[in-house]
Amino acid sequence: MLRSLVGSEMCIRDRAWVSVACKDEAHLNDGSDVGEVAEACDRCEHVFAVGVNCTAPEFVSGWLGVVRERTNKPLLAYPNSGEKWDGECHGWKHAEGHRAELREGGGELGDLMREWYSGGARLIGGCCRVTPQAISFMAGHMDCLLYTSDAADEEDSVDLGGRRIIKKKKKK
């Protein structure tokens, strides 16, 4: 579906980035190959960047490696906290190996951000359940653009598409 949309004349008429949610480092949630999607985005002149969002942080570095091989466009990374949404219970559950610092900031979040930047991500931030504290931590440790979903401000919400870009101010 995404490949045909990006490749069609009707696709994107204004500049846009395409970001996908993935179940692992190589597959979208529907099972599509991320490399094929990256190639389709690469062919669309209006797509200026390709990203991964609302995906567990442990898959981001591998995703960047797969996609970097298939596109020269800038890469984005704004994963969720690593927690899992349980549609039956209508709530978030800690996944095995969940790391609280991905929600709150600190700890290994700085290491992950540097790894993602080294892997090619140029817009880095958070999606579902990544708190304003974690975004603040990111802003204090990186000289790149940061991205967050408005849902990150809400403790009990799911990302429904609210977007905000934060540009870190250069130190004088």
# chains A, B, ... in the order shown; residues from 1 in each chain; ligands from 1
>>> select_by_dssp(residues="segment 28-77 of chain A", states="helix (DSSP H, G or I)", output="PyMOL selection string")
chain A and resi 34-43+57-68
>>> residues_around(residues="segment 58-60 of chain A", least_positions_apart="6", cutoff="8 Å", atoms="only C-alpha atoms", output="count of residues only")
7
>>> closest_residue(among="A:Gly35, A:Gly110, A:Gly87, A:Gly119", to="Ala139 of chain A", atoms="only C-alpha atoms")
A:Gly110
>>> residues_around(residues="Lys23 of chain A", least_positions_apart="6", cutoff="8 Å", atoms="only C-alpha atoms", output="VMD selection string")
chain A and resid 29 31 55 to 56
>>> write_last_selection(atoms="N, CA, C and O atoms", output="PDB file, in the first residue's frame")
ATOM      1  N   ASN A  29       4.811  -3.144  10.538  1.00  0.00           N
ATOM      2  CA  ASN A  29       3.871  -3.926  11.340  1.00  0.00           C
ATOM      3  C   ASN A  29       3.038  -4.878  10.494  1.00  0.00           C
ATOM      4  O   ASN A  29       2.622  -5.927  10.969  1.00  0.00           O
ATOM      5  N   GLY A  31       4.201  -6.511   7.960  1.00  0.00           N
ATOM      6  CA  GLY A  31       5.098  -7.503   7.384  1.00  0.00           C
ATOM      7  C   GLY A  31       5.858  -7.034   6.148  1.00  0.00           C
ATOM      8  O   GLY A  31       6.749  -7.724   5.668  1.00  0.00           O
ATOM      9  N   THR A  55       7.973   2.550  17.318  1.00  0.00           N
ATOM     10  CA  THR A  55       8.622   1.241  17.218  1.00  0.00           C
ATOM     11  C   THR A  55       9.513   1.095  18.444  1.00  0.00           C
ATOM     12  O   THR A  55      10.058   2.089  18.926  1.00  0.00           O
ATOM     13  N   ALA A  56       9.659  -0.107  18.935  1.00  0.00           N
ATOM     14  CA  ALA A  56      10.502  -0.327  20.116  1.00  0.00           C
ATOM     15  C   ALA A  56      11.935   0.136  19.852  1.00  0.00           C
ATOM     16  O   ALA A  56      12.484  -0.108  18.771  1.00  0.00           O
TER      17      ALA A  56
END
>>> closest_residue(among="A:Val18, A:Leu76, A:Ala121, A:Ala134", to="Asp42 of chain A", atoms="only C-alpha atoms")
A:Val18
>>> atom_distance(atom1="atom CA of Leu123 of chain A", atom2="atom CA of Gly62 of chain A")
16.5 Å
>>> atom_distance(atom1="atom CA of Leu75 of chain A", atom2="atom CA of Glu115 of chain A")
13.1 Å
>>> atom_distance(atom1="atom CA of Cys54 of chain A", atom2="atom CA of Lys84 of chain A")
10.1 Å
>>> decode(residues="segment 129-144 of chain A", atoms="all heavy atoms", output="short mmCIF file (atom, residue, chain, number, x, y, z; two decimals), in the first residue's frame")
data_model
loop_
_atom_site.label_atom_id
_atom_site.label_comp_id
_atom_site.auth_asym_id
_atom_site.auth_seq_id
_atom_site.Cartn_x
_atom_site.Cartn_y
_atom_site.Cartn_z
N ARG A 129 4.51 7.33 24.83
CA ARG A 129 5.01 7.08 26.17
C ARG A 129 6.42 7.58 26.43
O ARG A 129 7.00 7.32 27.47
CB ARG A 129 4.90 5.60 26.53
CG ARG A 129 3.50 5.03 26.42
CD ARG A 129 2.63 5.39 27.55
NE ARG A 129 3.02 4.63 28.73
CZ ARG A 129 2.49 4.79 29.92
NH1 ARG A 129 1.55 5.67 30.11
NH2 ARG A 129 2.89 4.06 30.93
N VAL A 130 7.00 8.33 25.51
CA VAL A 130 8.26 9.01 25.77
C VAL A 130 7.86 10.36 26.37
O VAL A 130 7.14 11.12 25.75
CB VAL A 130 9.09 9.19 24.50
CG1 VAL A 130 10.35 9.99 24.78
CG2 VAL A 130 9.44 7.82 23.92
N THR A 131 8.31 10.63 27.57
CA THR A 131 7.83 11.79 28.32
C THR A 131 8.55 13.08 27.94
O THR A 131 9.64 13.05 27.36
CB THR A 131 8.03 11.56 29.82
OG1 THR A 131 9.45 11.48 30.08
CG2 THR A 131 7.33 10.30 30.31
N PRO A 132 7.97 14.21 28.30
CA PRO A 132 8.66 15.48 28.11
C PRO A 132 10.03 15.51 28.79
O PRO A 132 10.96 16.13 28.29
CB PRO A 132 7.70 16.51 28.73
CG PRO A 132 6.35 15.88 28.58
CD PRO A 132 6.60 14.40 28.80
N GLN A 133 10.17 14.81 29.92
CA GLN A 133 11.48 14.74 30.60
C GLN A 133 12.52 14.08 29.70
O GLN A 133 13.66 14.52 29.65
CB GLN A 133 11.37 13.98 31.93
CG GLN A 133 10.54 14.67 32.96
CD GLN A 133 9.05 14.33 32.86
OE1 GLN A 133 8.57 13.73 31.89
NE2 GLN A 133 8.30 14.75 33.85
N ALA A 134 12.14 13.03 29.02
CA ALA A 134 13.07 12.34 28.12
C ALA A 134 13.42 13.24 26.94
O ALA A 134 14.58 13.29 26.52
CB ALA A 134 12.49 11.01 27.63
N ILE A 135 12.43 13.96 26.40
CA ILE A 135 12.69 14.87 25.29
C ILE A 135 13.63 15.98 25.76
O ILE A 135 14.55 16.37 25.05
CB ILE A 135 11.38 15.45 24.71
CG1 ILE A 135 10.52 14.32 24.13
CG2 ILE A 135 11.66 16.52 23.68
CD1 ILE A 135 11.13 13.53 23.00
N SER A 136 13.42 16.48 26.97
CA SER A 136 14.32 17.50 27.53
C SER A 136 15.74 16.96 27.66
O SER A 136 16.70 17.66 27.35
CB SER A 136 13.83 17.88 28.93
OG SER A 136 13.31 19.15 28.93
N PHE A 137 15.85 15.73 28.12
CA PHE A 137 17.16 15.09 28.23
C PHE A 137 17.82 15.05 26.85
O PHE A 137 18.99 15.39 26.69
CB PHE A 137 17.01 13.67 28.80
CG PHE A 137 18.30 12.89 28.83
CD1 PHE A 137 19.17 13.03 29.90
CD2 PHE A 137 18.64 12.04 27.79
CE1 PHE A 137 20.37 12.32 29.92
CE2 PHE A 137 19.83 11.33 27.81
CZ PHE A 137 20.69 11.47 28.88
N MET A 138 17.06 14.64 25.83
CA MET A 138 17.59 14.58 24.47
C MET A 138 18.06 15.96 24.02
O MET A 138 19.14 16.09 23.44
CB MET A 138 16.52 14.06 23.51
CG MET A 138 16.15 12.62 23.69
SD MET A 138 14.81 12.21 22.55
CE MET A 138 14.46 10.54 23.05
N ALA A 139 17.24 16.97 24.27
CA ALA A 139 17.57 18.33 23.83
C ALA A 139 18.86 18.82 24.48
O ALA A 139 19.62 19.57 23.88
CB ALA A 139 16.43 19.28 24.15
N GLY A 140 19.12 18.37 25.68
CA GLY A 140 20.33 18.79 26.38
C GLY A 140 21.58 18.04 25.99
O GLY A 140 22.68 18.42 26.38
N HIS A 141 21.43 16.97 25.21
CA HIS A 141 22.58 16.12 24.89
C HIS A 141 22.90 15.97 23.42
O HIS A 141 23.85 15.29 23.06
CB HIS A 141 22.38 14.73 25.50
CG HIS A 141 22.50 14.74 26.98
ND1 HIS A 141 21.46 15.09 27.81
CD2 HIS A 141 23.56 14.49 27.78
CE1 HIS A 141 21.87 15.02 29.05
NE2 HIS A 141 23.13 14.67 29.07
N MET A 142 22.11 16.58 22.55
CA MET A 142 22.36 16.43 21.11
C MET A 142 22.21 17.78 20.42
O MET A 142 21.38 18.59 20.80
CB MET A 142 21.36 15.45 20.47
CG MET A 142 21.45 14.03 20.95
SD MET A 142 22.92 13.16 20.46
CE MET A 142 22.63 12.87 18.74
N ASP A 143 23.00 18.01 19.39
CA ASP A 143 22.89 19.21 18.58
C ASP A 143 22.16 18.90 17.28
O ASP A 143 22.62 19.23 16.20
CB ASP A 143 24.28 19.77 18.25
CG ASP A 143 24.93 20.41 19.45
OD1 ASP A 143 24.19 20.96 20.29
OD2 ASP A 143 26.15 20.36 19.55
N CYS A 144 21.04 18.23 17.38
CA CYS A 144 20.26 17.92 16.18
C CYS A 144 18.81 18.27 16.45
O CYS A 144 18.43 18.55 17.58
CB CYS A 144 20.40 16.46 15.80
SG CYS A 144 19.74 15.31 17.01
#
